[in-house]
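Trainee: This one is structure13.txt, compact mmCIF, C-alpha atoms and all ligand atoms.
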# COMPACT_ATOMS: atom_id res chain seq x y z
CA MET A 16 -27.25 -37.84 -11.28
CA ASP A 17 -24.88 -40.68 -10.38
CA ILE A 18 -21.62 -38.73 -10.16
CA VAL A 19 -19.25 -41.69 -10.06
CA GLY A 20 -21.13 -43.67 -12.74
CA GLU A 21 -21.05 -40.66 -15.05
CA TYR A 22 -17.32 -40.23 -14.43
CA PHE A 23 -16.69 -43.86 -15.50
CA ARG A 24 -18.91 -43.35 -18.57
CA LEU A 25 -17.07 -40.21 -19.73
CA ASN A 26 -13.52 -41.38 -19.15
CA PRO A 27 -12.91 -44.96 -20.40
CA ASP A 28 -9.53 -44.13 -21.97
CA SER A 29 -8.27 -42.45 -18.79
CA LYS A 30 -9.34 -45.55 -16.88
CA GLU A 31 -7.36 -47.72 -19.29
CA ALA A 32 -4.33 -45.40 -19.08
CA TYR A 33 -4.55 -45.60 -15.30
CA GLU A 34 -4.73 -49.40 -15.24
CA ARG A 35 -1.73 -49.60 -17.52
CA ALA A 36 0.21 -47.02 -15.46
CA CYS A 37 -0.48 -48.93 -12.23
CA ARG A 38 1.50 -51.85 -13.59
CA SER A 39 4.69 -49.75 -13.47
CA ILE A 40 3.94 -46.81 -11.12
CA PRO A 41 2.37 -46.98 -7.62
CA SER A 42 -1.16 -45.51 -7.97
CA GLY A 43 -0.44 -44.85 -11.63
CA CYS A 44 1.16 -41.43 -11.16
CA THR A 45 4.18 -39.78 -9.64
CA ARG A 46 2.57 -37.00 -7.58
CA SER A 47 0.34 -37.99 -4.69
CA ALA A 48 -1.46 -34.64 -5.15
CA LEU A 49 -2.54 -35.71 -8.64
CA TYR A 50 -4.15 -39.00 -7.69
CA TRP A 51 -7.82 -39.17 -6.85
CA PRO A 52 -10.25 -42.08 -6.75
CA PRO A 53 -11.59 -43.88 -8.70
CA PHE A 54 -8.74 -42.92 -11.10
CA PRO A 55 -7.15 -39.66 -12.24
CA LEU A 56 -7.71 -38.18 -15.67
CA TYR A 57 -4.80 -38.58 -18.08
CA MET A 58 -4.24 -35.37 -19.98
CA ARG A 59 -3.15 -34.92 -23.55
CA ALA A 60 -2.99 -31.18 -24.16
CA GLY A 61 -3.65 -27.72 -22.79
CA LYS A 62 -4.14 -24.30 -24.36
CA GLY A 63 -5.00 -21.08 -22.55
CA CYS A 64 -7.57 -22.12 -19.96
CA ARG A 65 -8.55 -25.37 -21.66
CA LEU A 66 -7.39 -28.92 -21.01
CA TRP A 67 -8.04 -32.01 -23.15
CA ASP A 68 -7.81 -35.52 -21.76
CA VAL A 69 -7.09 -38.81 -23.54
CA ASP A 70 -10.84 -39.37 -24.09
CA GLY A 71 -11.02 -36.03 -25.93
CA ASN A 72 -13.06 -34.35 -23.16
CA GLU A 73 -12.51 -30.59 -22.97
CA ARG A 74 -12.47 -28.87 -19.58
CA ILE A 75 -11.83 -25.40 -18.26
CA ASP A 76 -8.77 -25.55 -16.05
CA PHE A 77 -8.99 -24.13 -12.54
CA ASN A 78 -5.89 -25.94 -11.32
CA PHE A 79 -3.11 -24.79 -13.69
CA ASN A 80 -0.65 -27.35 -12.39
CA ASN A 81 -1.41 -26.43 -8.79
CA THR A 82 -1.19 -22.63 -9.34
CA THR A 83 1.87 -22.71 -11.64
CA LEU A 84 0.55 -21.46 -14.97
CA ILE A 85 -0.45 -17.91 -14.14
CA LEU A 86 -0.66 -17.09 -17.88
CA GLY A 87 -2.49 -20.32 -18.70
CA HIS A 88 -1.20 -23.13 -20.90
CA ASN A 89 1.20 -22.40 -23.76
CA HIS A 90 1.09 -18.62 -23.61
CA PRO A 91 2.66 -17.51 -26.93
CA LYS A 92 5.28 -15.27 -25.26
CA VAL A 93 6.34 -18.05 -22.88
CA VAL A 94 6.48 -20.66 -25.65
CA GLU A 95 8.57 -18.31 -27.77
CA ALA A 96 11.03 -17.61 -24.93
CA ALA A 97 11.39 -21.31 -24.08
CA LYS A 98 11.79 -22.34 -27.73
CA ASP A 99 14.34 -19.64 -28.34
CA GLN A 100 16.38 -20.90 -25.40
CA MET A 101 16.01 -24.57 -26.39
CA GLU A 102 17.23 -23.88 -29.88
CA ARG A 103 20.41 -22.48 -28.36
CA GLY A 104 20.82 -25.47 -26.04
CA THR A 105 18.85 -26.86 -23.10
CA VAL A 106 21.53 -26.90 -20.42
CA LEU A 107 24.97 -25.62 -21.19
CA GLY A 108 26.96 -26.70 -18.16
CA ALA A 109 27.88 -23.13 -17.24
CA PRO A 110 25.96 -20.07 -16.02
CA THR A 111 23.90 -18.31 -18.68
CA GLU A 112 22.94 -14.67 -19.18
CA VAL A 113 19.26 -15.31 -18.61
CA GLU A 114 19.85 -16.35 -14.97
CA PRO A 115 20.83 -12.87 -13.69
CA ARG A 116 17.98 -11.35 -15.71
CA LEU A 117 15.39 -13.37 -13.83
CA ALA A 118 17.33 -12.81 -10.60
CA GLU A 119 17.17 -9.02 -11.05
CA GLU A 120 13.47 -9.13 -11.87
CA LEU A 121 12.70 -11.07 -8.68
CA VAL A 122 15.01 -9.21 -6.33
CA ARG A 123 13.48 -5.94 -7.55
CA ARG A 124 10.04 -7.18 -6.53
CA LEU A 125 10.94 -8.29 -3.01
CA ASP A 126 11.47 -5.66 -0.34
CA GLY A 127 14.71 -6.27 1.50
CA ALA A 128 16.01 -8.97 -0.85
CA GLU A 129 19.45 -8.42 -2.38
CA ARG A 130 20.55 -11.84 -3.58
CA ILE A 131 18.81 -14.93 -4.92
CA ARG A 132 19.67 -18.45 -5.98
CA PHE A 133 17.73 -20.89 -8.12
CA THR A 134 16.82 -24.54 -7.62
CA PRO A 135 14.81 -27.00 -9.74
CA SER A 136 11.89 -27.06 -7.26
CA GLY A 137 10.20 -25.27 -4.37
CA THR A 138 11.17 -28.21 -2.18
CA GLU A 139 14.86 -27.61 -2.75
CA ALA A 140 14.45 -23.86 -2.30
CA ASN A 141 13.10 -24.53 1.20
CA MET A 142 15.83 -27.08 1.95
CA GLN A 143 18.48 -24.54 1.05
CA ALA A 144 16.76 -21.67 2.85
CA ILE A 145 16.77 -23.71 6.05
CA ARG A 146 20.39 -24.76 5.63
CA VAL A 147 21.38 -21.13 5.12
CA ALA A 148 19.36 -20.07 8.19
CA ARG A 149 21.07 -22.73 10.30
CA SER A 150 24.47 -21.64 9.09
CA TYR A 151 23.72 -17.93 9.65
CA THR A 152 22.32 -18.32 13.17
CA GLY A 153 24.46 -21.24 14.31
CA LYS A 154 21.27 -22.86 15.65
CA GLU A 155 19.62 -26.13 14.59
CA LYS A 156 15.89 -26.21 15.27
CA ILE A 157 13.21 -24.89 12.98
CA ALA A 158 9.53 -24.20 13.64
CA LYS A 159 6.71 -24.59 11.16
CA CYS A 160 2.93 -24.39 11.22
CA GLU A 161 0.87 -27.49 11.46
CA GLY A 162 -0.70 -28.08 8.04
CA ALA A 163 1.79 -26.02 6.05
CA TYR A 164 3.38 -27.70 3.06
CA HIS A 165 7.01 -26.90 2.32
CA GLY A 166 7.77 -29.84 0.02
CA SER A 167 8.16 -33.58 0.44
CA TRP A 168 11.26 -33.86 2.60
CA ASP A 169 12.13 -34.97 6.08
CA ALA A 170 12.44 -31.74 8.08
CA VAL A 171 9.01 -30.31 7.28
CA PRO A 172 6.22 -32.92 7.52
CA VAL A 173 2.71 -31.47 7.31
CA SER A 174 2.17 -32.25 11.00
CA HIS A 175 4.02 -34.12 13.74
CA GLU A 176 1.62 -37.02 13.09
CA HIS A 177 2.90 -37.39 9.49
CA ASN A 178 6.26 -38.82 10.50
CA GLU A 179 6.35 -42.18 8.70
CA GLY A 180 9.83 -42.76 7.28
CA ILE A 181 11.34 -39.73 9.02
CA PRO A 182 14.18 -40.35 11.51
CA GLU A 183 13.46 -39.32 15.10
CA GLY A 184 16.63 -37.24 15.12
CA VAL A 185 15.17 -35.10 12.34
CA MET A 186 11.75 -34.78 13.98
CA GLU A 187 13.39 -33.58 17.20
CA ASN A 188 14.64 -30.53 15.35
CA THR A 189 11.26 -29.50 13.98
CA LEU A 190 8.72 -27.75 16.21
CA PHE A 191 5.08 -27.18 15.29
CA PHE A 192 2.61 -24.44 16.10
CA PRO A 193 -0.88 -23.58 14.83
CA PHE A 194 -1.30 -21.08 12.00
CA ASN A 195 -3.09 -17.88 12.99
CA ASP A 196 -2.27 -18.24 16.69
CA PRO A 197 0.09 -15.34 17.51
CA GLU A 198 0.31 -16.18 21.24
CA ALA A 199 1.39 -19.77 20.57
CA ALA A 200 3.96 -18.54 18.04
CA GLU A 201 5.41 -15.93 20.39
CA GLU A 202 5.56 -18.40 23.24
CA LEU A 203 7.34 -21.01 21.11
CA VAL A 204 9.89 -18.55 19.71
CA LYS A 205 10.61 -17.19 23.18
CA ARG A 206 11.00 -20.61 24.79
CA HIS A 207 13.27 -22.00 22.05
CA ARG A 208 15.16 -18.81 21.15
CA ASP A 209 18.56 -20.31 21.92
CA GLU A 210 18.11 -23.28 19.60
CA LEU A 211 15.74 -21.93 16.96
CA ALA A 212 17.33 -20.99 13.63
CA ALA A 213 14.17 -20.11 11.73
CA VAL A 214 10.41 -20.04 11.64
CA ILE A 215 9.07 -21.03 8.23
CA VAL A 216 5.48 -20.21 7.24
CA GLU A 217 3.31 -19.97 4.19
CA PRO A 218 2.00 -16.42 4.64
CA VAL A 219 -1.27 -17.71 3.19
CA GLN A 220 -1.40 -21.27 4.48
CA ARG A 221 -2.80 -23.38 1.64
CA ASP A 222 -5.97 -21.35 1.00
CA ILE A 223 -6.20 -19.85 4.51
CA PRO A 224 -5.33 -16.14 4.73
CA PRO A 225 -3.53 -14.83 7.83
CA LEU A 226 -5.74 -13.15 10.44
CA PRO A 227 -4.86 -9.48 10.98
CA GLY A 228 -1.75 -9.22 13.14
CA PHE A 229 -0.55 -12.84 12.87
CA LEU A 230 2.31 -12.25 10.42
CA GLN A 231 3.25 -9.04 12.25
CA ALA A 232 3.43 -10.92 15.56
CA LEU A 233 5.67 -13.55 13.96
CA ARG A 234 7.90 -10.83 12.54
CA GLU A 235 8.24 -9.10 15.91
CA ALA A 236 8.89 -12.26 17.93
CA THR A 237 11.50 -13.64 15.52
CA GLU A 238 13.25 -10.30 15.31
CA ARG A 239 13.29 -9.86 19.07
CA TYR A 240 14.85 -13.29 19.70
CA GLY A 241 17.35 -13.52 16.82
CA VAL A 242 15.42 -16.08 14.78
CA LEU A 243 15.10 -15.81 10.99
CA LEU A 244 11.64 -15.64 9.43
CA ILE A 245 11.21 -17.54 6.18
CA PHE A 246 8.15 -16.95 4.00
CA ASP A 247 7.44 -19.86 1.69
CA GLU A 248 5.83 -17.98 -1.19
CA VAL A 249 5.92 -20.92 -3.61
CA ILE A 250 2.17 -20.45 -4.11
CA SER A 251 1.49 -17.03 -2.56
CA PHE A 252 3.98 -15.16 -4.75
CA ARG A 253 1.13 -15.09 -7.29
CA LEU A 254 -0.92 -12.75 -5.06
CA SER A 255 0.81 -9.49 -6.01
CA SER A 256 3.89 -8.35 -7.91
CA GLY A 257 5.71 -8.51 -4.56
CA GLY A 258 4.00 -11.65 -3.26
CA ALA A 259 1.91 -12.05 -0.10
CA GLN A 260 4.55 -10.12 1.86
CA ARG A 261 3.66 -6.97 -0.04
CA LEU A 262 -0.06 -7.65 0.31
CA TYR A 263 0.20 -8.00 4.10
CA GLY A 264 3.07 -5.57 4.65
CA VAL A 265 5.44 -7.96 6.44
CA THR A 266 9.00 -8.55 5.21
CA PRO A 267 10.68 -11.87 6.05
CA ASN A 268 14.43 -12.55 6.18
CA ILE A 269 14.25 -15.20 3.45
CA THR A 270 11.64 -15.70 0.74
CA THR A 271 11.29 -18.96 -1.15
CA MET A 272 9.47 -19.19 -4.45
CA GLY A 273 8.63 -21.64 -7.22
CA LYS A 274 5.74 -22.42 -9.57
CA ILE A 275 4.93 -19.22 -11.53
CA ILE A 276 8.54 -18.03 -11.76
CA GLY A 277 9.54 -20.91 -14.07
CA GLY A 278 6.85 -20.36 -16.68
CA GLY A 279 5.72 -24.01 -16.52
CA PHE A 280 9.20 -25.51 -16.24
CA PRO A 281 10.79 -26.87 -13.02
CA VAL A 282 11.96 -24.10 -10.73
CA GLY A 283 12.50 -22.84 -7.22
CA ALA A 284 14.35 -19.88 -5.71
CA TYR A 285 15.35 -18.42 -2.38
CA ALA A 286 16.10 -14.77 -1.84
CA SER A 287 17.54 -12.83 1.07
CA THR A 288 20.13 -10.23 1.95
CA GLU A 289 23.78 -10.32 0.95
CA GLU A 290 24.61 -10.95 4.61
CA VAL A 291 22.34 -14.00 5.07
CA LEU A 292 23.32 -15.57 1.74
CA GLY A 293 26.98 -14.65 2.30
CA PRO A 294 28.08 -18.16 3.29
CA LEU A 295 27.09 -19.36 -0.21
CA ARG A 296 29.73 -17.14 -1.76
CA MET A 297 32.96 -18.67 -2.93
CA PRO A 298 35.82 -17.31 -0.87
CA ASP A 299 37.77 -14.73 -2.86
CA ALA A 300 40.27 -17.37 -3.72
CA THR A 301 43.18 -16.61 -5.91
CA LEU A 302 44.84 -19.36 -7.89
CA PRO A 303 46.15 -21.80 -6.84
CA ASP A 304 44.23 -21.56 -3.56
CA MET A 305 40.81 -23.04 -4.54
CA LYS A 306 38.49 -23.33 -1.54
CA GLY A 307 34.78 -24.12 -1.56
CA PRO A 308 32.05 -21.96 -0.01
CA ARG A 309 31.07 -22.31 3.67
CA VAL A 310 27.64 -23.57 2.72
CA GLY A 311 27.66 -25.92 -0.24
CA PHE A 312 25.01 -25.75 -2.86
CA SER A 313 24.95 -27.30 -6.28
CA GLY A 314 22.56 -29.14 -8.59
CA THR A 315 22.75 -30.32 -12.18
CA PHE A 316 19.56 -28.50 -13.12
CA ASN A 317 19.78 -25.41 -10.90
CA ALA A 318 18.85 -22.25 -12.80
CA HIS A 319 17.85 -24.30 -15.85
CA PRO A 320 18.08 -21.84 -18.76
CA VAL A 321 14.70 -22.86 -20.21
CA SER A 322 12.99 -22.30 -16.83
CA MET A 323 14.79 -18.96 -16.47
CA ALA A 324 13.76 -17.78 -19.94
CA ALA A 325 10.14 -18.92 -19.55
CA GLY A 326 9.88 -17.46 -16.05
CA LEU A 327 11.20 -14.12 -17.23
CA ALA A 328 8.61 -14.09 -20.03
CA VAL A 329 5.86 -14.68 -17.45
CA LEU A 330 6.98 -11.96 -15.05
CA ARG A 331 7.24 -9.43 -17.87
CA GLU A 332 3.53 -9.96 -18.63
CA MET A 333 2.48 -9.68 -15.00
CA ARG A 334 1.77 -5.94 -14.61
CA PRO A 335 0.14 -4.83 -11.32
CA ARG A 336 -3.30 -4.48 -12.93
CA VAL A 337 -3.17 -8.15 -13.98
CA TYR A 338 -3.01 -9.19 -10.32
CA GLU A 339 -5.97 -6.92 -9.60
CA TRP A 340 -7.97 -8.43 -12.43
CA MET A 341 -7.22 -11.93 -11.16
CA ALA A 342 -8.21 -10.97 -7.61
CA ASP A 343 -11.54 -9.58 -8.88
CA LEU A 344 -12.18 -12.81 -10.73
CA GLY A 345 -11.25 -14.78 -7.61
CA ALA A 346 -13.75 -12.72 -5.58
CA THR A 347 -16.44 -13.38 -8.21
CA ILE A 348 -15.91 -17.10 -7.94
CA ARG A 349 -15.81 -17.09 -4.11
CA ASN A 350 -19.00 -15.02 -3.91
CA GLY A 351 -20.65 -17.17 -6.57
CA LEU A 352 -19.83 -20.36 -4.67
CA LYS A 353 -21.19 -18.89 -1.43
CA ALA A 354 -24.41 -17.92 -3.20
CA ALA A 355 -24.72 -21.35 -4.82
CA LEU A 356 -24.33 -23.07 -1.44
CA GLU A 357 -26.82 -20.75 0.20
CA ASP A 358 -29.40 -21.27 -2.54
CA ALA A 359 -28.97 -25.04 -2.22
CA GLY A 360 -29.34 -24.88 1.58
CA VAL A 361 -25.87 -26.32 2.15
CA LYS A 362 -23.27 -25.12 4.64
CA ALA A 363 -19.57 -25.14 3.65
CA HIS A 364 -16.59 -22.89 4.10
CA VAL A 365 -15.52 -20.95 0.99
CA GLY A 366 -11.97 -19.74 1.41
CA GLY A 367 -9.07 -18.24 -0.44
CA VAL A 368 -7.66 -14.86 -1.30
CA GLY A 369 -6.85 -13.08 -4.56
CA SER A 370 -6.72 -15.58 -7.40
CA ILE A 371 -7.01 -18.60 -5.06
CA PHE A 372 -10.31 -20.14 -3.97
CA HIS A 373 -11.43 -23.26 -2.17
CA ILE A 374 -14.41 -25.02 -0.65
CA ILE A 375 -14.04 -26.94 2.61
CA TRP A 376 -17.07 -29.03 3.49
CA THR A 377 -17.44 -28.02 7.12
CA GLY A 378 -19.75 -25.84 9.18
CA GLU A 379 -16.77 -24.43 11.08
CA ASP A 380 -14.81 -21.27 10.51
CA VAL A 381 -11.53 -22.38 8.93
CA VAL A 382 -8.47 -20.60 10.33
CA ASP A 383 -5.85 -23.34 10.64
CA TYR A 384 -5.01 -26.99 10.02
CA ARG A 385 -7.28 -28.41 12.73
CA THR A 386 -10.34 -26.46 11.65
CA ALA A 387 -9.60 -27.26 7.98
CA ALA A 388 -9.37 -30.94 8.95
CA THR A 389 -13.03 -30.89 10.06
CA GLY A 390 -13.88 -30.72 6.34
CA ASP A 391 -15.33 -33.83 4.70
CA ARG A 392 -12.68 -34.81 2.14
CA ALA A 393 -14.87 -37.36 0.41
CA LEU A 394 -17.48 -34.67 -0.26
CA ASN A 395 -14.75 -32.58 -1.83
CA ALA A 396 -13.77 -35.53 -4.01
CA TYR A 397 -17.39 -36.04 -5.13
CA PHE A 398 -17.69 -32.32 -5.81
CA ASN A 399 -14.53 -32.38 -7.96
CA LEU A 400 -15.75 -35.42 -9.92
CA GLY A 401 -19.13 -33.74 -10.49
CA LEU A 402 -17.40 -30.63 -11.79
CA MET A 403 -15.12 -32.68 -14.03
CA ASN A 404 -18.21 -34.41 -15.46
CA ARG A 405 -19.50 -30.94 -16.32
CA GLY A 406 -16.33 -29.67 -17.99
CA VAL A 407 -14.57 -27.98 -15.08
CA PHE A 408 -11.17 -29.14 -13.84
CA LYS A 409 -10.94 -28.27 -10.13
CA LEU A 410 -8.34 -29.93 -7.97
CA GLY A 411 -5.77 -29.24 -5.26
CA HIS A 412 -5.46 -25.50 -4.89
CA PRO A 413 -8.08 -24.10 -7.25
CA ASN A 414 -7.20 -20.79 -8.85
CA VAL A 415 -7.84 -18.51 -11.77
CA SER A 416 -5.16 -17.40 -14.23
CA ALA A 417 -4.57 -14.12 -16.01
CA VAL A 418 -6.26 -15.58 -19.09
CA THR A 419 -9.35 -16.95 -17.31
CA THR A 420 -12.42 -15.03 -18.50
CA GLU A 421 -15.66 -13.98 -16.82
CA GLU A 422 -17.40 -16.47 -19.12
CA ASP A 423 -15.15 -19.27 -17.83
CA VAL A 424 -16.04 -18.32 -14.27
CA GLY A 425 -19.74 -18.13 -15.14
CA PHE A 426 -19.54 -21.59 -16.71
CA ALA A 427 -17.81 -22.98 -13.61
CA LEU A 428 -20.34 -21.44 -11.23
CA GLU A 429 -23.24 -22.91 -13.22
CA ALA A 430 -21.52 -26.32 -13.09
CA ALA A 431 -21.01 -25.84 -9.33
CA ARG A 432 -24.70 -25.03 -8.77
CA LYS A 433 -25.80 -28.20 -10.56
CA THR A 434 -23.16 -30.31 -8.83
CA ILE A 435 -24.11 -29.05 -5.37
CA ARG A 436 -27.69 -30.06 -6.15
CA ASP A 437 -26.49 -33.54 -7.18
CA LEU A 438 -24.50 -33.76 -3.97
CA ARG A 439 -27.45 -33.22 -1.63
CA PRO A 440 -28.31 -36.92 -1.19
CA ILE A 441 -24.65 -37.70 -0.47
CA ILE A 442 -24.44 -34.82 2.02
CA LYS A 443 -27.63 -36.06 3.66
CA GLU A 444 -26.04 -39.46 4.14
CA ARG A 445 -22.49 -38.41 5.12
CA ALA A 446 -22.82 -34.98 6.73
CA PRO A 447 -26.46 -34.08 7.45
CA HIS A 448 -25.30 -31.26 9.75
CA LEU A 449 -24.28 -29.38 6.59
CA LEU A 450 -27.87 -29.24 5.33
CA VAL A 451 -29.69 -26.07 6.33
CA THR A 452 -32.96 -26.89 4.57
N1 LIG B 1 5.93 -24.86 -0.72
C1 LIG B 1 4.65 -24.69 -1.02
C2 LIG B 1 3.85 -23.65 -0.29
C3 LIG B 1 4.06 -25.47 -2.02
O1 LIG B 1 2.76 -25.31 -2.32
C4 LIG B 1 4.86 -26.41 -2.70
C5 LIG B 1 4.30 -27.28 -3.81
N2 LIG B 1 2.95 -27.40 -3.90
C6 LIG B 1 6.19 -26.54 -2.34
C7 LIG B 1 6.70 -25.74 -1.35
C8 LIG B 1 7.08 -27.52 -3.02
O2 LIG B 1 7.40 -27.10 -4.30
P1 LIG B 1 7.79 -28.15 -5.43
O3 LIG B 1 6.59 -29.00 -5.66
O4 LIG B 1 8.18 -27.29 -6.60
O5 LIG B 1 8.95 -28.92 -4.89
As structure tokens, please, write out the structure in this file.
Ligand code: PMP
Mentor:
Amino acid sequence: MDIVGEYFRLNPDSKEAYERACRSIPSGCTRSALYWPPFPLYMRAGKGCRLWDVDGNERIDFNFNNTTLILGHNHPKVVEAAKDQMERGTVLGAPTEVEPRLAEELVRRLDGAERIRFTPSGTEANMQAIRVARSYTGKEKIAKCEGAYHGSWDAVPVSHEHNEGIPEGVMENTLFFPFNDPEAAEELVKRHRDELAAVIVEPVQRDIPPLPGFLQALREATERYGVLLIFDEVISFRLSSGGAQRLYGVTPNITTMGKIIGGGFPVGAYASTEEVLGPLRMPDATLPDMKGPRVGFSGTFNAHPVSMAAGLAVLREMRPRVYEWMADLGATIRNGLKAALEDAGVKAHVGGVGSIFHIIWTGEDVVDYRTAATGDRALNAYFNLGLMNRGVFKLGHPNVSAVTTEEDVGFALEAARKTIRDLRPIIKERAPHLLVT
């Protein structure tokens, strides 16, 4: 089957929408993660696990806005909560009662967290977490893992090679180390202890789980040398009711979140202790002495009431057994993909944890950015197109939701089997080392 030809045949209206969009928007869309060649699909509607594009094609969603919609599209309870809030006003220009309700729900779930603040995105949650860490420690540098994504802003490029448009003065304050390398992390923290404010990591980096002992080593080294540890749980918070930190038993100083906690509306949050977030507090000023806080923090859409209400509705549905169910479904899909590859005589790395899964087209064991980078990205793009042709929407950070069914997974695995077969000639041409038979 001609994967690309079939994609063009099935999606003429998306192609037209794309061509029109390109006349006003670079690459026809506003998120680089949502562009793929030859053109992205333009969506019209979603419901539960289903997505419909402008051509009327129906697909089972395994992307859920890059892991956001843990209850699927338009869950009735989330829609009701958001509508109820909207009818009483979208933004009211003052704090609302729903904000502390979501705050309490999140703080309760995070060991060691006492206070939390909300932002409109995960990016801004990380920006603020780092500012707070710098203020608290009085130090300027930060360290991050190569390959980790903490939002599109200057201080945290994916790697030191991705520095286009970033001032040198900013790059000088960011240090990089490989994920899953405890010795390198300890060495870096020790060497830079006098200038390092924080180490920020995704406890599960993209789809790569931490090797046993890595997060513990980071915790010990940062604690020993007076450096704060920030866990970016923007994606990994979906792994248990207390995030990846509960799953792996390591408590950071600051946790940042996003995605699922806004119920499909823009959101971010950062949580820590009263002591670390203290500088955000307004001084106990009495009139007429009005002073600002030590660390400034504002934003027109921070703690947006609709995001707060929708996020609260999501968390209330997420009982511990729901996470277990999702993890079982994730394991089914990972095992099914491994079996499909084996039966087709193709080598590739199947990764992920809990409700997250991924294929990287490499013969290597993937434990960090460099090993992940050995994957053939074009093969992944062909694989995604082939799945889309067969009614499966896989992209970015594939995942299952709480409303994904075993039938949906079965359908996707059947589509994967057929697509891997279609891919063989392309693999033979591009990456023959991945063919076993
Ligand atoms: N951190 C991680 C781990 C992420 O995956 C993302 C977004 N994919 C962000 C931060 C940035 O969040 P946002 O897109 O809401 O700004």
Trainee: Calculated over all atoms listed in the file, which of the candidates A:Ile269, A:Met333, A:Leu394, A:Ala36 has the smallest distance to Glu129 of chain A?
Mentor: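 Using all atoms listed in the file, Glu129 of chain A sits closest to A:Ile269.
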Trainee: For the atom pair atom CA of Lys156 of chain A and atom CA of Ser174 of chain A, what is the interatomic distance in Å to one decimal place?
Mentor: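 Between these atoms lies a distance of 15.6 Å.
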Trainee: If you take only C-alpha atoms and all ligand atoms and a cut-off of 6 Å, which residues of chain A touch ligand LIG 1 (chain B), and what are their nearest atom pairs and distances in Å to one decimal, in chain and number order, as a tab-separated table?
Mentor:
residue	atom	partner	partner_atom	distance
A:Ser136	CA	B:LIG1	O4	3.8
A:Gly137	CA	B:LIG1	O2	3.3
A:Thr138	CA	B:LIG1	O5	3.6
A:Tyr164	CA	B:LIG1	C1	5.2
A:His165	CA	B:LIG1	N1	3.8
A:Gly166	CA	B:LIG1	C8	3.9
A:Glu217	CA	B:LIG1	C2	5.8
A:Asp247	CA	B:LIG1	C2	5.6
A:Val249	CA	B:LIG1	C1	4.7
A:Ile250	CA	B:LIG1	O1	5.2
A:Gly273	CA	B:LIG1	O4	5.7
Trainee: Tell me, in Å to one decimal, how far atom CA of Ala163 of chain A is from atom CA of Glu176 of chain A.
Mentor: 13.1 Å
Trainee: Would you mind reading off the distance between atom CA of Leu344 of chain A and atom CA of Gly326 of chain A, one decimal, in Å?
Mentor: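 Interatomic distance here is 23.2 Å.
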Trainee: From the list A:Val173, A:Ala259, A:Leu254, A:Ala97, which residue is nearest Glu339 of chain A when using all atoms listed in the file?
Mentor: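 So, comparing all the options, the nearest one is A:Leu254.
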Trainee: Please identify all polymer residues lying at most 12 Å from the point (24.7, -21.9, 13.6) (file coordinates), using all atoms listed in the file, and present the result as a ChimeraX atom specification.
Mentor: /A:145-157,209-213,241-243,291,294,309-310
Trainee: May I ask which of the residues A:Tyr384, A:His448, A:Ala431, A:Thr266 is the closest one to Asn404 of chain A, counting all atoms listed in the file?
Mentor: A:Ala431
Trainee: Using only C-alpha atoms, which of the listed residues (A:Leu117, A:Met297, A:Val219, A:Val418) sits closest to Ile85 of chain A?
Mentor: A:Val418
Trainee: Which residue out of A:Val329, A:Ala236, A:Ile181, A:Leu400 has the minimum interatomic distance to Leu25 of chain A when all atoms listed in the file are used?
Mentor: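 Once distances to Leu25 of chain A are computed over all atoms listed in the file, the minimum belongs to A:Leu400.
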Trainee: Can you pull out every residue within 7 Å of Gln100 of chain A, counting all atoms listed in the file, but drop anything in the same chain fewer than 5 positions away, and send it as a PyMOL selection string?
Mentor: chain A and resi 105+320-321+324
Trainee: Please list, as a list of chain:residue names, the residues that have an atom at most 10 Å away from (-19.8, -41.9, -10.4) in the coordinates of this file, counting all atoms listed in the file.
Mentor: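 Nearby residues: A:Met16, A:Asp17, A:Ile18, A:Val19, A:Gly20, A:Glu21, A:Tyr22, A:Phe23, A:Arg24, A:Leu25, A:Pro53, A:Tyr397, A:Leu400, A:Gly401, A:Asn404.
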